[in-house]
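A.B. asks: Just passing along the structure, written as structure tokens.
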Amino acid sequence: MSLVTPLGLPTAHLIKQTALLQVVSSTLSAFTAKHASDQTFVGEKGLFSVTDKRDSVTALCAALTQKLDNYDSASEDEKSLLDAWRQWPEDVTVLALQTLKILGREVEGSESLQSESGIKMLMAHIGYFEQDSTFTPTPVSVEAMKCLVNCLHVNEQSRDKFVELNGIEMTLKFLENERLSMDAKFLALRFLFLLSGHSSVYAERLGKSENLGQQLHTLIQPYFQHLLEQKRISSGMGNELSIPDEILKIVFNVSMSRAVEGAGLGGLLGGLKGNSTPEEKAERRAAENQKKIEAVKGFEMFLPILVDIITCIPINEKDPLSPPHSFAINCLLNFPASPDFFLSWLPGPNKDKIPEQLCKILSLSLALAMPYNVENAIPLELVSSPIPGEPNYSKLRADEIIPPVVLILKDLANCHEKLRAVLREMLTPESIDRTKKLDSTDTTVARLIRMMTSISCENLKTCVGELLYALFDEDASKLTSYIGYGNAAGFLFQRGIMSDPNGGSQQTRPSSSSSDRTAHDSEEYEIYDGPRDAKGKSKAQPKINPITGEIMSDEKQTNEEWDRLSDAEKEYETHKLMEMLEKLNKSGIIKAVRKEDIEGQGAGGSGTGK
């Protein structure tokens with residue numbers, strides 16, 4: 001009878017031979033050393049059959065089973081395996097769990113490990129069923145936790161069984177133990193993160209745990225100063241930086257599940273279609289803030305932590321949305337941007353630094369996602385695919401990671417008129433250069449405007465539109481006055497707000513005369529139209545193209561500029577013009593007529609005149 005499986009692992013027959021314990025140990029040690037980084041064992045890319053792997057996993061799970069539901073009714077084979085296991089020293093048990101951890105990276109062939117009995121066996125080795133004031137986790141506990149992490153990560157059934165066995169509640173109790181190693185803390189927090197991230201039902205169940213916020217806040221405190229200084233002392237997976245990161249991810253998952261549940265139609269972008277009165281806007285924002293207050297209930301004490309992370313930790317300019325900034329921003333998105341709420345929970349001075357720091361993060365992120373290249377026909381283009389060796393800010397990734405910071409800035413802009421004015425000056429300065437295309441310069445505002453017409457990043461495009469709309473007092477006329485109707489048309493149409501750039505209201509188009517400038521809050525918002533004299537008056541009064549927001553050139557200059565364009569640039573300009581005309585046609589502001597219809601009308605007219 002064979003002593004090892006085709007995987008090189010001990011068979012059930014070998015495990016029963018207590019005299020051959022050293023052989024069991026050596027086979028397990030050899031396997032873990034050889035396959036430590038392997039992810040696949042069966043299938044097209046695997047080296048073994050499903051049956052071979054299943055037999056190996058089943059034998060190890062049986063050997064590691066600490067307690068059968070009814071030992072007396074167990075088969076003789078099960079009893080002999082259990083008796084043999086009881087003679088295993090700790091190092092052999094650790095090797096067996098390491099082997100199962102490796103094999104458990106894929107679902108196929110791991111059924112016995114990822115079943116209810118397998119999950120229960122791992123929980124027993126962790127020590128979940130014998131927790132008391134004297135319990136101290138062992139190396140066996142930590143290896144069982146690593147194995148369980150893999151099961152919860154790859155298998156939905158494992159997550160269900162773990163929760164049914166009161167795994168959430170046992171994990172929270174486990175985290176109360178002051179004797180836990182940093183690895184044990186990290187892995188227990190990873191359990192909660194995986195459960196809350198995979199299922200809103202589990203996130204809701206976790207969120208209903210008594211004093212969850214306070215418990216997580218207590219857990220993060222010993223490491224917070226290390227986090228602010230970005231100092232890692234421990235070398236294990238559980239360290240001064242990874243534990244706070246895991247806690248922030250749990251806070252986000254739980255609060256997000258509550259926010260989504262209470263958001264209803266419109267979600268985080270909320271808002272009414274079309275124009276609304278100031279009273280309706282105030283009522284809508286109050287309702288949104290109340291939903292967010294409910295979403296972060298119990299987590300309020302994390303607000304100063306989030307603000308300190310964003311404002312005190314230097315931004316990585318090569319990867320501005322890397323942890324912990326990304327985790328803090330994601331969490332902050334679920335908090336209400338209400339002055340009363342902020343003043344209640346954030347007495348420190350760092351709250352005043354939030355607008356500038358978030359604007360810097362947004363500016364750096366957009367520059368990475370949309371680098372400037374003056375030699376290209378289109379100077380600002382989204383990165384199409386990740387650059388090897390560089391942080392991933394390609395268009396698909398950017399559409400996921402940049403919207404949260406944009407939405408927070410939008411909420412802050414809607415929060416208070418003075419804060420809105422500060423953000424407007426940072427992101428949409430009056431001194432924008434209108435002698436060039438507004439979306440063609442190496443500036444943040446150019447990238448924001450360019451994003452308004454993007455066809456690749458729908459999420460980010462919508463969020464940027466909401467941000468700019470908020471910066472201009474949710475007034476379509478003010479928005480189009482600044483960026484031109486052509487750049488804003490898609491967003492306004494999507495929001496159910498259309499503004500005629502050639503209509504009767506002077507506020508619908510950019511203008512250089514003081515009488516045409518629109519007021520923002522208590523001050524006038526002026527369009528930059530070139531140098532001014534000593535009295536502050538514009539030396540020239542150029543016309544502003546209401547569609548593009550650029551200064552209009554005379555016909556000769558326009559023709560010369562057109563002749564200087566390359567074929568690629570001409571093709572781009574023609575394509576962009578056709579898109580604008582199509583938007584205007586769909587909005588009903590203009591109505592395109594086919595040449596055949598005109599000729600038909602002309603023929604009909606001649607006939608009736610005879």
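Here, A, B, ... name the chains of the structure tokens in the order displayed, residue numbers run from 1 inside each chain, and ligands are numbered from 1 in the same displayed order.
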Could you give me, as a list in words, the residues within 9 Å of Asp319 (chain A), counting only C-alpha atoms and dropping anything in the same chain fewer than 2 positions from it?
C.D. replies: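 Answer for this query is Ile315, Asn316, Glu317, Leu321, Ser322, Leu364, Ser365, Leu368, Glu390, Pro391, Asn392 and Tyr393 of chain A.
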A.B. asks: Can you list, as a PyMOL selection string, every protein, DNA or RNA residue that comes within 10 Å of Ile483 (chain A) when you count only C-alpha atoms, leaving out same-chain residues fewer than 4 positions away?
C.D. replies: chain A and resi 428+432+434+438-439+445-446+448-449+452+468+478-479+487-488+509-510+546-550
A.B. asks: Please dump the current selection as a short mmCIF file (atom, residue, chain, number, x, y, z; two decimals), in the first residue's frame; keep N, CA and C atoms.
C.D. replies:
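Contents of out_20.cif, as written:
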data_model
loop_
_atom_site.label_atom_id
_atom_site.label_comp_id
_atom_site.auth_asym_id
_atom_site.auth_seq_id
_atom_site.Cartn_x
_atom_site.Cartn_y
_atom_site.Cartn_z
N THR A 428 -10.76 75.68 -10.29
CA THR A 428 -11.21 76.39 -11.50
C THR A 428 -10.86 77.87 -11.38
N ILE A 432 -7.90 81.28 -16.14
CA ILE A 432 -7.76 80.22 -17.15
C ILE A 432 -7.42 80.84 -18.51
N ARG A 434 -7.76 81.42 -22.09
CA ARG A 434 -8.79 81.19 -23.11
C ARG A 434 -8.27 81.40 -24.53
N LEU A 438 -9.52 74.89 -23.92
CA LEU A 438 -9.56 74.83 -22.47
C LEU A 438 -9.10 73.48 -21.93
N ASP A 439 -9.18 72.44 -22.77
CA ASP A 439 -8.81 71.10 -22.30
C ASP A 439 -7.48 70.63 -22.89
N VAL A 445 -7.40 72.11 -14.14
CA VAL A 445 -8.70 72.50 -14.70
C VAL A 445 -8.84 71.98 -16.12
N ALA A 446 -7.76 71.96 -16.90
CA ALA A 446 -7.83 71.41 -18.26
C ALA A 446 -8.16 69.92 -18.22
N LEU A 448 -9.82 68.38 -15.83
CA LEU A 448 -11.22 68.25 -15.42
C LEU A 448 -12.15 68.49 -16.61
N ILE A 449 -11.86 69.53 -17.39
CA ILE A 449 -12.70 69.83 -18.55
C ILE A 449 -12.59 68.73 -19.59
N MET A 452 -14.74 65.86 -18.84
CA MET A 452 -16.17 66.07 -19.06
C MET A 452 -16.66 65.45 -20.36
N LEU A 468 -17.84 69.98 -10.77
CA LEU A 468 -17.84 71.30 -11.41
C LEU A 468 -19.20 71.98 -11.26
N LYS A 478 -23.70 79.43 -15.08
CA LYS A 478 -22.36 79.73 -14.59
C LYS A 478 -21.36 78.68 -15.06
N LEU A 479 -21.78 77.43 -15.07
CA LEU A 479 -20.90 76.36 -15.52
C LEU A 479 -20.53 76.54 -16.98
N ASN A 487 -18.41 71.68 -23.84
CA ASN A 487 -17.81 70.80 -22.84
C ASN A 487 -18.80 70.35 -21.78
N ALA A 488 -19.84 71.15 -21.56
CA ALA A 488 -20.81 70.85 -20.50
C ALA A 488 -22.07 70.17 -21.01
N ARG A 509 -23.41 82.23 -21.61
CA ARG A 509 -22.18 82.18 -22.38
C ARG A 509 -21.11 83.03 -21.72
N PRO A 510 -19.84 82.71 -21.95
CA PRO A 510 -18.76 83.51 -21.41
C PRO A 510 -18.80 84.91 -21.98
N PRO A 546 -19.16 80.83 -27.15
CA PRO A 546 -20.00 80.22 -26.12
C PRO A 546 -19.96 78.69 -26.13
N ILE A 547 -19.56 78.10 -27.23
CA ILE A 547 -19.51 76.64 -27.32
C ILE A 547 -18.22 76.10 -26.71
N THR A 548 -17.09 76.71 -27.06
CA THR A 548 -15.79 76.20 -26.61
C THR A 548 -15.25 76.91 -25.39
N GLY A 549 -15.73 78.13 -25.11
CA GLY A 549 -15.18 78.91 -24.00
C GLY A 549 -13.88 79.60 -24.34
N GLU A 550 -13.44 79.52 -25.60
CA GLU A 550 -12.19 80.15 -26.02
C GLU A 550 -12.47 81.55 -26.56
#
A.B. asks: So, with only C-alpha atoms as the atoms that count, which of A:Glu156, A:Glu164, A:Asp91, A:Glu288 lies closest to Pro139 (chain A)?
C.D. replies: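 Of the candidates, the smallest distance to Pro139 (chain A) is held by A:Asp91.
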A.B. asks: How would you write, as a tab-separated table (two decimals) with N, CA and C atoms, in the first residue's frame, the set of residues in region 247-460 of chain A that DSSP gives as alpha helix (DSSP H)?
C.D. replies:
chain	number	residue	atom	x	y	z
A	247	ILE	N	-8.28	47.68	9.55
A	247	ILE	CA	-9.38	48.27	10.32
A	247	ILE	C	-10.13	49.29	9.48
A	248	LEU	N	-9.41	50.13	8.75
A	248	LEU	CA	-10.06	51.15	7.92
A	248	LEU	C	-10.91	50.50	6.83
A	249	LYS	N	-10.43	49.39	6.28
A	249	LYS	CA	-11.21	48.70	5.25
A	249	LYS	C	-12.51	48.13	5.82
A	250	ILE	N	-12.46	47.66	7.05
A	250	ILE	CA	-13.68	47.15	7.69
A	250	ILE	C	-14.66	48.28	7.94
A	251	VAL	N	-14.16	49.41	8.44
A	251	VAL	CA	-15.02	50.58	8.68
A	251	VAL	C	-15.69	51.01	7.37
A	252	PHE	N	-14.93	51.01	6.29
A	252	PHE	CA	-15.50	51.38	4.99
A	252	PHE	C	-16.58	50.39	4.56
A	253	ASN	N	-16.30	49.10	4.64
A	253	ASN	CA	-17.27	48.10	4.19
A	253	ASN	C	-18.59	48.19	4.95
A	254	VAL	N	-18.51	48.32	6.26
A	254	VAL	CA	-19.72	48.37	7.08
A	254	VAL	C	-20.50	49.65	6.81
A	255	SER	N	-19.82	50.79	6.80
A	255	SER	CA	-20.51	52.06	6.57
A	255	SER	C	-21.04	52.15	5.14
A	256	MET	N	-20.32	51.59	4.19
A	256	MET	CA	-20.79	51.61	2.80
A	256	MET	C	-22.03	50.76	2.64
A	257	SER	N	-22.08	49.61	3.30
A	257	SER	CA	-23.28	48.76	3.19
A	257	SER	C	-24.50	49.49	3.73
A	258	ARG	N	-24.31	50.26	4.80
A	258	ARG	CA	-25.42	51.05	5.34
A	258	ARG	C	-25.79	52.18	4.39
A	259	ALA	N	-24.78	52.83	3.80
A	259	ALA	CA	-25.04	53.96	2.90
A	259	ALA	C	-25.79	53.52	1.66
A	260	VAL	N	-25.37	52.39	1.08
A	260	VAL	CA	-26.03	51.88	-0.13
A	260	VAL	C	-27.46	51.47	0.19
A	261	GLU	N	-27.65	50.85	1.34
A	261	GLU	CA	-28.99	50.40	1.74
A	261	GLU	C	-29.93	51.59	1.90
A	262	GLY	N	-29.42	52.72	2.39
A	262	GLY	CA	-30.29	53.87	2.63
A	262	GLY	C	-30.30	54.89	1.52
A	263	ALA	N	-29.48	54.65	0.47
A	263	ALA	CA	-29.35	55.67	-0.57
A	263	ALA	C	-30.55	55.72	-1.49
A	278	PRO	N	-33.70	76.52	-4.32
A	278	PRO	CA	-32.77	76.45	-3.18
A	278	PRO	C	-33.34	75.64	-2.03
A	279	GLU	N	-34.64	75.76	-1.81
A	279	GLU	CA	-35.27	75.01	-0.72
A	279	GLU	C	-35.20	73.51	-0.99
A	280	GLU	N	-35.44	73.12	-2.25
A	280	GLU	CA	-35.38	71.70	-2.61
A	280	GLU	C	-33.95	71.16	-2.46
A	281	LYS	N	-32.97	71.98	-2.87
A	281	LYS	CA	-31.58	71.57	-2.73
A	281	LYS	C	-31.20	71.37	-1.26
A	282	ALA	N	-31.61	72.32	-0.43
A	282	ALA	CA	-31.30	72.23	1.00
A	282	ALA	C	-31.95	71.01	1.63
A	283	GLU	N	-33.19	70.75	1.23
A	283	GLU	CA	-33.91	69.59	1.76
A	283	GLU	C	-33.24	68.29	1.32
A	284	ARG	N	-32.82	68.26	0.07
A	284	ARG	CA	-32.17	67.06	-0.45
A	284	ARG	C	-30.84	66.79	0.27
A	285	ARG	N	-30.05	67.85	0.48
A	285	ARG	CA	-28.76	67.68	1.15
A	285	ARG	C	-28.95	67.27	2.60
A	286	ALA	N	-29.94	67.82	3.24
A	286	ALA	CA	-30.21	67.45	4.64
A	286	ALA	C	-30.55	65.97	4.73
A	287	ALA	N	-31.35	65.48	3.76
A	287	ALA	CA	-31.71	64.06	3.75
A	287	ALA	C	-30.49	63.19	3.49
A	288	GLU	N	-29.62	63.63	2.55
A	288	GLU	CA	-28.41	62.86	2.26
A	288	GLU	C	-27.48	62.82	3.46
A	289	ASN	N	-27.34	63.95	4.14
A	289	ASN	CA	-26.49	63.99	5.33
A	289	ASN	C	-27.02	63.09	6.44
A	290	GLN	N	-28.34	63.05	6.57
A	290	GLN	CA	-28.94	62.20	7.60
A	290	GLN	C	-28.66	60.73	7.32
A	291	LYS	N	-28.74	60.34	6.03
A	291	LYS	CA	-28.43	58.96	5.66
A	291	LYS	C	-26.99	58.62	6.00
A	292	LYS	N	-26.09	59.57	5.77
A	292	LYS	CA	-24.68	59.33	6.06
A	292	LYS	C	-24.42	59.28	7.56
A	293	ILE	N	-25.14	60.10	8.31
A	293	ILE	CA	-25.01	60.05	9.77
A	293	ILE	C	-25.37	58.66	10.28
A	294	GLU	N	-26.43	58.09	9.70
A	294	GLU	CA	-26.83	56.73	10.08
A	294	GLU	C	-25.79	55.71	9.63
A	295	ALA	N	-25.19	55.96	8.46
A	295	ALA	CA	-24.22	55.01	7.91
A	295	ALA	C	-22.97	54.90	8.78
A	303	LEU	N	-13.38	59.90	12.60
A	303	LEU	CA	-13.24	61.08	11.75
A	303	LEU	C	-11.92	61.81	11.97
A	304	PRO	N	-11.51	62.09	13.22
A	304	PRO	CA	-10.19	62.73	13.40
A	304	PRO	C	-9.04	61.88	12.86
A	305	ILE	N	-9.17	60.56	12.96
A	305	ILE	CA	-8.13	59.67	12.45
A	305	ILE	C	-8.03	59.80	10.93
A	306	LEU	N	-9.17	59.80	10.26
A	306	LEU	CA	-9.18	59.91	8.80
A	306	LEU	C	-8.59	61.24	8.35
A	307	VAL	N	-8.97	62.31	9.02
A	307	VAL	CA	-8.47	63.64	8.65
A	307	VAL	C	-6.97	63.73	8.90
A	308	ASP	N	-6.49	63.17	10.01
A	308	ASP	CA	-5.05	63.20	10.29
A	308	ASP	C	-4.27	62.40	9.25
A	309	ILE	N	-4.81	61.27	8.82
A	309	ILE	CA	-4.14	60.47	7.79
A	309	ILE	C	-4.00	61.28	6.50
A	310	ILE	N	-5.07	61.93	6.10
A	310	ILE	CA	-5.08	62.68	4.84
A	310	ILE	C	-4.19	63.91	4.91
A	311	THR	N	-4.17	64.59	6.06
A	311	THR	CA	-3.47	65.87	6.15
A	311	THR	C	-2.05	65.77	6.70
A	312	CYS	N	-1.75	64.74	7.47
A	312	CYS	CA	-0.44	64.67	8.14
A	312	CYS	C	0.56	63.75	7.45
A	325	HIS	N	-3.75	56.66	2.30
A	325	HIS	CA	-4.60	57.75	1.83
A	325	HIS	C	-5.87	57.22	1.16
A	326	SER	N	-5.71	56.19	0.34
A	326	SER	CA	-6.88	55.66	-0.37
A	326	SER	C	-7.92	55.11	0.60
A	327	PHE	N	-7.47	54.40	1.64
A	327	PHE	CA	-8.40	53.84	2.62
A	327	PHE	C	-9.11	54.96	3.38
A	328	ALA	N	-8.36	55.98	3.77
A	328	ALA	CA	-8.95	57.09	4.52
A	328	ALA	C	-9.96	57.86	3.67
A	329	ILE	N	-9.63	58.07	2.40
A	329	ILE	CA	-10.54	58.79	1.50
A	329	ILE	C	-11.82	57.99	1.28
A	330	ASN	N	-11.68	56.69	1.07
A	330	ASN	CA	-12.87	55.85	0.88
A	330	ASN	C	-13.78	55.90	2.10
A	331	CYS	N	-13.18	55.84	3.29
A	331	CYS	CA	-13.98	55.94	4.52
A	331	CYS	C	-14.64	57.30	4.65
A	332	LEU	N	-13.87	58.35	4.38
A	332	LEU	CA	-14.38	59.72	4.55
A	332	LEU	C	-15.57	59.98	3.63
A	333	LEU	N	-15.61	59.30	2.49
A	333	LEU	CA	-16.73	59.46	1.56
A	333	LEU	C	-18.06	59.14	2.21
A	339	PRO	N	-21.30	70.93	8.32
A	339	PRO	CA	-20.51	71.72	9.27
A	339	PRO	C	-20.77	71.32	10.71
A	340	ASP	N	-22.02	71.10	11.07
A	340	ASP	CA	-22.35	70.73	12.44
A	340	ASP	C	-21.70	69.41	12.83
A	341	PHE	N	-21.74	68.44	11.92
A	341	PHE	CA	-21.16	67.12	12.21
A	341	PHE	C	-19.65	67.25	12.37
A	342	PHE	N	-19.01	67.97	11.45
A	342	PHE	CA	-17.56	68.11	11.51
A	342	PHE	C	-17.12	68.82	12.78
A	343	LEU	N	-17.82	69.88	13.16
A	343	LEU	CA	-17.44	70.63	14.35
A	343	LEU	C	-17.63	69.80	15.61
A	344	SER	N	-18.62	68.90	15.59
A	344	SER	CA	-18.89	68.07	16.76
A	344	SER	C	-17.81	67.01	16.97
A	345	TRP	N	-17.32	66.45	15.87
A	345	TRP	CA	-16.41	65.31	15.97
A	345	TRP	C	-14.97	65.64	15.57
A	354	ILE	N	-7.98	70.03	4.94
A	354	ILE	CA	-8.59	68.99	4.09
A	354	ILE	C	-8.79	69.45	2.64
A	355	PRO	N	-9.40	70.63	2.38
A	355	PRO	CA	-9.64	71.01	0.98
A	355	PRO	C	-8.36	71.04	0.14
A	356	GLU	N	-7.33	71.69	0.66
A	356	GLU	CA	-6.08	71.81	-0.10
A	356	GLU	C	-5.44	70.44	-0.34
A	357	GLN	N	-5.46	69.59	0.68
A	357	GLN	CA	-4.82	68.28	0.55
A	357	GLN	C	-5.58	67.40	-0.45
A	358	LEU	N	-6.90	67.43	-0.40
A	358	LEU	CA	-7.69	66.64	-1.34
A	358	LEU	C	-7.51	67.15	-2.77
A	359	CYS	N	-7.44	68.47	-2.93
A	359	CYS	CA	-7.21	69.03	-4.27
A	359	CYS	C	-5.85	68.61	-4.81
A	360	LYS	N	-4.86	68.55	-3.93
A	360	LYS	CA	-3.53	68.11	-4.36
A	360	LYS	C	-3.56	66.65	-4.79
A	361	ILE	N	-4.23	65.82	-4.01
A	361	ILE	CA	-4.34	64.40	-4.36
A	361	ILE	C	-5.05	64.23	-5.70
A	362	LEU	N	-6.12	64.99	-5.90
A	362	LEU	CA	-6.86	64.92	-7.17
A	362	LEU	C	-5.99	65.37	-8.32
A	363	SER	N	-5.28	66.48	-8.14
A	363	SER	CA	-4.43	67.01	-9.21
A	363	SER	C	-3.35	66.02	-9.61
A	364	LEU	N	-2.68	65.43	-8.62
A	364	LEU	CA	-1.62	64.46	-8.91
A	364	LEU	C	-2.19	63.21	-9.58
A	365	SER	N	-3.34	62.76	-9.13
A	365	SER	CA	-3.96	61.55	-9.68
A	365	SER	C	-4.37	61.76	-11.14
A	366	LEU	N	-4.97	62.91	-11.42
A	366	LEU	CA	-5.38	63.20	-12.80
A	366	LEU	C	-4.16	63.33	-13.71
A	367	ALA	N	-3.07	63.90	-13.19
A	367	ALA	CA	-1.86	64.04	-14.00
A	367	ALA	C	-1.27	62.68	-14.36
A	368	LEU	N	-1.39	61.71	-13.46
A	368	LEU	CA	-0.91	60.36	-13.75
A	368	LEU	C	-1.83	59.64	-14.72
A	369	ALA	N	-3.13	59.86	-14.57
A	369	ALA	CA	-4.10	59.20	-15.45
A	369	ALA	C	-4.17	59.85	-16.82
A	395	LYS	N	-6.84	54.01	-17.59
A	395	LYS	CA	-8.20	54.55	-17.57
A	395	LYS	C	-9.18	53.65	-16.82
A	396	LEU	N	-9.04	52.33	-16.93
A	396	LEU	CA	-9.95	51.45	-16.21
A	396	LEU	C	-9.75	51.56	-14.70
A	397	ARG	N	-8.50	51.61	-14.29
A	397	ARG	CA	-8.19	51.73	-12.86
A	397	ARG	C	-8.56	53.12	-12.34
A	398	ALA	N	-8.26	54.14	-13.13
A	398	ALA	CA	-8.58	55.52	-12.72
A	398	ALA	C	-10.07	55.69	-12.52
A	399	ASP	N	-10.86	55.00	-13.32
A	399	ASP	CA	-12.32	55.11	-13.21
A	399	ASP	C	-12.83	54.50	-11.90
A	400	GLU	N	-11.99	53.72	-11.23
A	400	GLU	CA	-12.37	53.11	-9.95
A	400	GLU	C	-11.83	53.89	-8.75
A	401	ILE	N	-10.59	54.36	-8.85
A	401	ILE	CA	-9.93	54.88	-7.65
A	401	ILE	C	-10.03	56.39	-7.48
A	403	PRO	N	-12.79	58.54	-8.45
A	403	PRO	CA	-14.10	59.10	-8.09
A	403	PRO	C	-14.32	59.41	-6.61
A	404	PRO	N	-13.86	58.57	-5.65
A	404	PRO	CA	-14.13	58.93	-4.25
A	404	PRO	C	-13.62	60.31	-3.84
A	405	VAL	N	-12.39	60.66	-4.24
A	405	VAL	CA	-11.86	61.97	-3.85
A	405	VAL	C	-12.64	63.09	-4.54
A	406	VAL	N	-13.11	62.84	-5.76
A	406	VAL	CA	-13.91	63.84	-6.47
A	406	VAL	C	-15.25	64.04	-5.76
A	407	LEU	N	-15.86	62.96	-5.33
A	407	LEU	CA	-17.16	63.06	-4.66
A	407	LEU	C	-17.06	63.75	-3.30
A	408	ILE	N	-15.96	63.52	-2.59
A	408	ILE	CA	-15.78	64.23	-1.31
A	408	ILE	C	-15.67	65.72	-1.56
A	409	LEU	N	-14.90	66.11	-2.58
A	409	LEU	CA	-14.77	67.53	-2.91
A	409	LEU	C	-16.11	68.11	-3.32
A	410	LYS	N	-16.91	67.32	-4.03
A	410	LYS	CA	-18.26	67.78	-4.40
A	410	LYS	C	-19.11	68.02	-3.17
A	411	ASP	N	-19.04	67.10	-2.21
A	411	ASP	CA	-19.81	67.25	-0.97
A	411	ASP	C	-19.34	68.48	-0.18
A	412	LEU	N	-18.03	68.69	-0.15
A	412	LEU	CA	-17.50	69.86	0.56
A	412	LEU	C	-17.92	71.15	-0.13
A	413	ALA	N	-17.97	71.14	-1.46
A	413	ALA	CA	-18.39	72.34	-2.18
A	413	ALA	C	-19.84	72.67	-1.88
A	414	ASN	N	-20.66	71.66	-1.71
A	414	ASN	CA	-22.07	71.88	-1.38
A	414	ASN	C	-22.29	72.19	0.10
A	415	CYS	N	-21.23	72.00	0.89
A	415	CYS	CA	-21.35	72.12	2.34
A	415	CYS	C	-21.50	73.57	2.79
A	417	GLU	N	-20.73	77.95	1.47
A	417	GLU	CA	-20.38	78.83	0.36
A	417	GLU	C	-18.92	79.29	0.42
A	418	LYS	N	-18.38	79.53	1.63
A	418	LYS	CA	-16.99	79.96	1.73
A	418	LYS	C	-16.05	78.83	1.33
A	419	LEU	N	-16.37	77.62	1.73
A	419	LEU	CA	-15.57	76.47	1.34
A	419	LEU	C	-15.66	76.25	-0.16
A	420	ARG	N	-16.83	76.48	-0.72
A	420	ARG	CA	-17.02	76.35	-2.16
A	420	ARG	C	-16.14	77.35	-2.90
A	421	ALA	N	-16.06	78.57	-2.40
A	421	ALA	CA	-15.23	79.60	-3.03
A	421	ALA	C	-13.76	79.21	-2.99
A	422	VAL	N	-13.32	78.62	-1.88
A	422	VAL	CA	-11.92	78.19	-1.75
A	422	VAL	C	-11.62	77.09	-2.76
A	423	LEU	N	-12.50	76.11	-2.86
A	423	LEU	CA	-12.30	75.01	-3.80
A	423	LEU	C	-12.36	75.49	-5.24
A	424	ARG	N	-13.25	76.45	-5.50
A	424	ARG	CA	-13.38	76.97	-6.86
A	424	ARG	C	-12.09	77.65	-7.31
A	425	GLU	N	-11.48	78.39	-6.40
A	425	GLU	CA	-10.24	79.07	-6.74
A	425	GLU	C	-9.10	78.07	-6.95
A	426	MET	N	-9.11	76.97	-6.19
A	426	MET	CA	-8.06	75.96	-6.33
A	426	MET	C	-8.20	75.17	-7.63
A	427	LEU	N	-9.43	74.80	-7.96
A	427	LEU	CA	-9.65	73.88	-9.08
A	427	LEU	C	-10.03	74.58	-10.37
A	444	THR	N	-4.72	71.30	-13.91
A	444	THR	CA	-5.79	70.47	-13.34
A	444	THR	C	-7.13	70.82	-13.96
A	445	VAL	N	-7.40	72.11	-14.14
A	445	VAL	CA	-8.70	72.50	-14.70
A	445	VAL	C	-8.84	71.98	-16.12
A	446	ALA	N	-7.76	71.96	-16.90
A	446	ALA	CA	-7.83	71.41	-18.26
A	446	ALA	C	-8.16	69.92	-18.22
A	447	ARG	N	-7.60	69.22	-17.27
A	447	ARG	CA	-7.88	67.78	-17.16
A	447	ARG	C	-9.33	67.54	-16.72
A	448	LEU	N	-9.82	68.38	-15.83
A	448	LEU	CA	-11.22	68.25	-15.42
A	448	LEU	C	-12.15	68.49	-16.61
A	449	ILE	N	-11.86	69.53	-17.39
A	449	ILE	CA	-12.70	69.83	-18.55
A	449	ILE	C	-12.59	68.73	-19.59
A	450	ARG	N	-11.37	68.24	-19.79
A	450	ARG	CA	-11.17	67.13	-20.74
A	450	ARG	C	-11.97	65.90	-20.31
A	451	MET	N	-12.01	65.66	-19.01
A	451	MET	CA	-12.74	64.50	-18.49
A	451	MET	C	-14.24	64.63	-18.73
A	452	MET	N	-14.74	65.86	-18.84
A	452	MET	CA	-16.17	66.07	-19.06
A	452	MET	C	-16.66	65.45	-20.36
A	458	GLU	N	-16.65	56.48	-17.51
A	458	GLU	CA	-18.00	56.98	-17.25
A	458	GLU	C	-18.19	57.40	-15.79
A	459	ASN	N	-17.68	56.60	-14.86
A	459	ASN	CA	-17.83	56.96	-13.44
A	459	ASN	C	-17.14	58.27	-13.13
A	460	LEU	N	-15.87	58.37	-13.53
A	460	LEU	CA	-15.09	59.57	-13.24
A	460	LEU	C	-15.67	60.77	-13.98
A.B. asks: Determine the nearest neighbour of Thr134 (chain A) from the options A:Lys34, A:Lys231, A:Lys297, A:Arg179, counting only C-alpha atoms.
C.D. replies: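 Of all the options, A:Arg179 lies closest to Thr134 (chain A).
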A.B. asks: Could you tell me how far CA of Thr171 (chain A) sits from CA of Ala184 (chain A), in Å to one decimal place?
C.D. replies: 10.6 Å
A.B. asks: Could you pull the residues within 10 Å of Thr27 (chain A), counting only C-alpha atoms, minus those fewer than 6 positions along the same chain, as a PyMOL selection string?
C.D. replies: chain A and resi 4+7-10+95-96
A.B. asks: Write out as JSON, numbers by chain which residues come within 7 Å of region 567-579 of chain A when counting only C-alpha atoms, dropping same-chain ones fewer than 3 positions away.
C.D. replies: {"A": [377, 582, 583]}
A.B. asks: Can you spit out the residues from that selection as a PDB file, in the first residue's frame, using C-alpha atoms?
C.D. replies:
ATOM      1  CA  ALA A 377      -2.449  65.905 -31.513  1.00  0.00           C
ATOM      2  CA  GLU A 582     -24.923  65.994 -32.482  1.00  0.00           C
ATOM      3  CA  LYS A 583     -25.412  66.937 -28.815  1.00  0.00           C
TER       4      LYS A 583
END
A.B. asks: In Å, rounded to a single decimal, give me how far CA of Ile455 (chain A) is from CA of Ala489 (chain A).
C.D. replies: 13.8 Å
A.B. asks: Write out as JSON, numbers by chain the residues lying within 12 Å of Thr138 (chain A), counting only C-alpha atoms and excluding same-chain residues fewer than 4 positions away.
C.D. replies: {"A": [90, 91, 93, 94, 125, 126, 127, 142, 143, 144, 145, 179, 180, 181, 183, 184]}
A.B. asks: Calculate how many Å separate CA of Val23 (chain A) from CA of Leu3 (chain A), rounding to one decimal.
C.D. replies: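 Between these atoms lies a distance of 9.2 Å.
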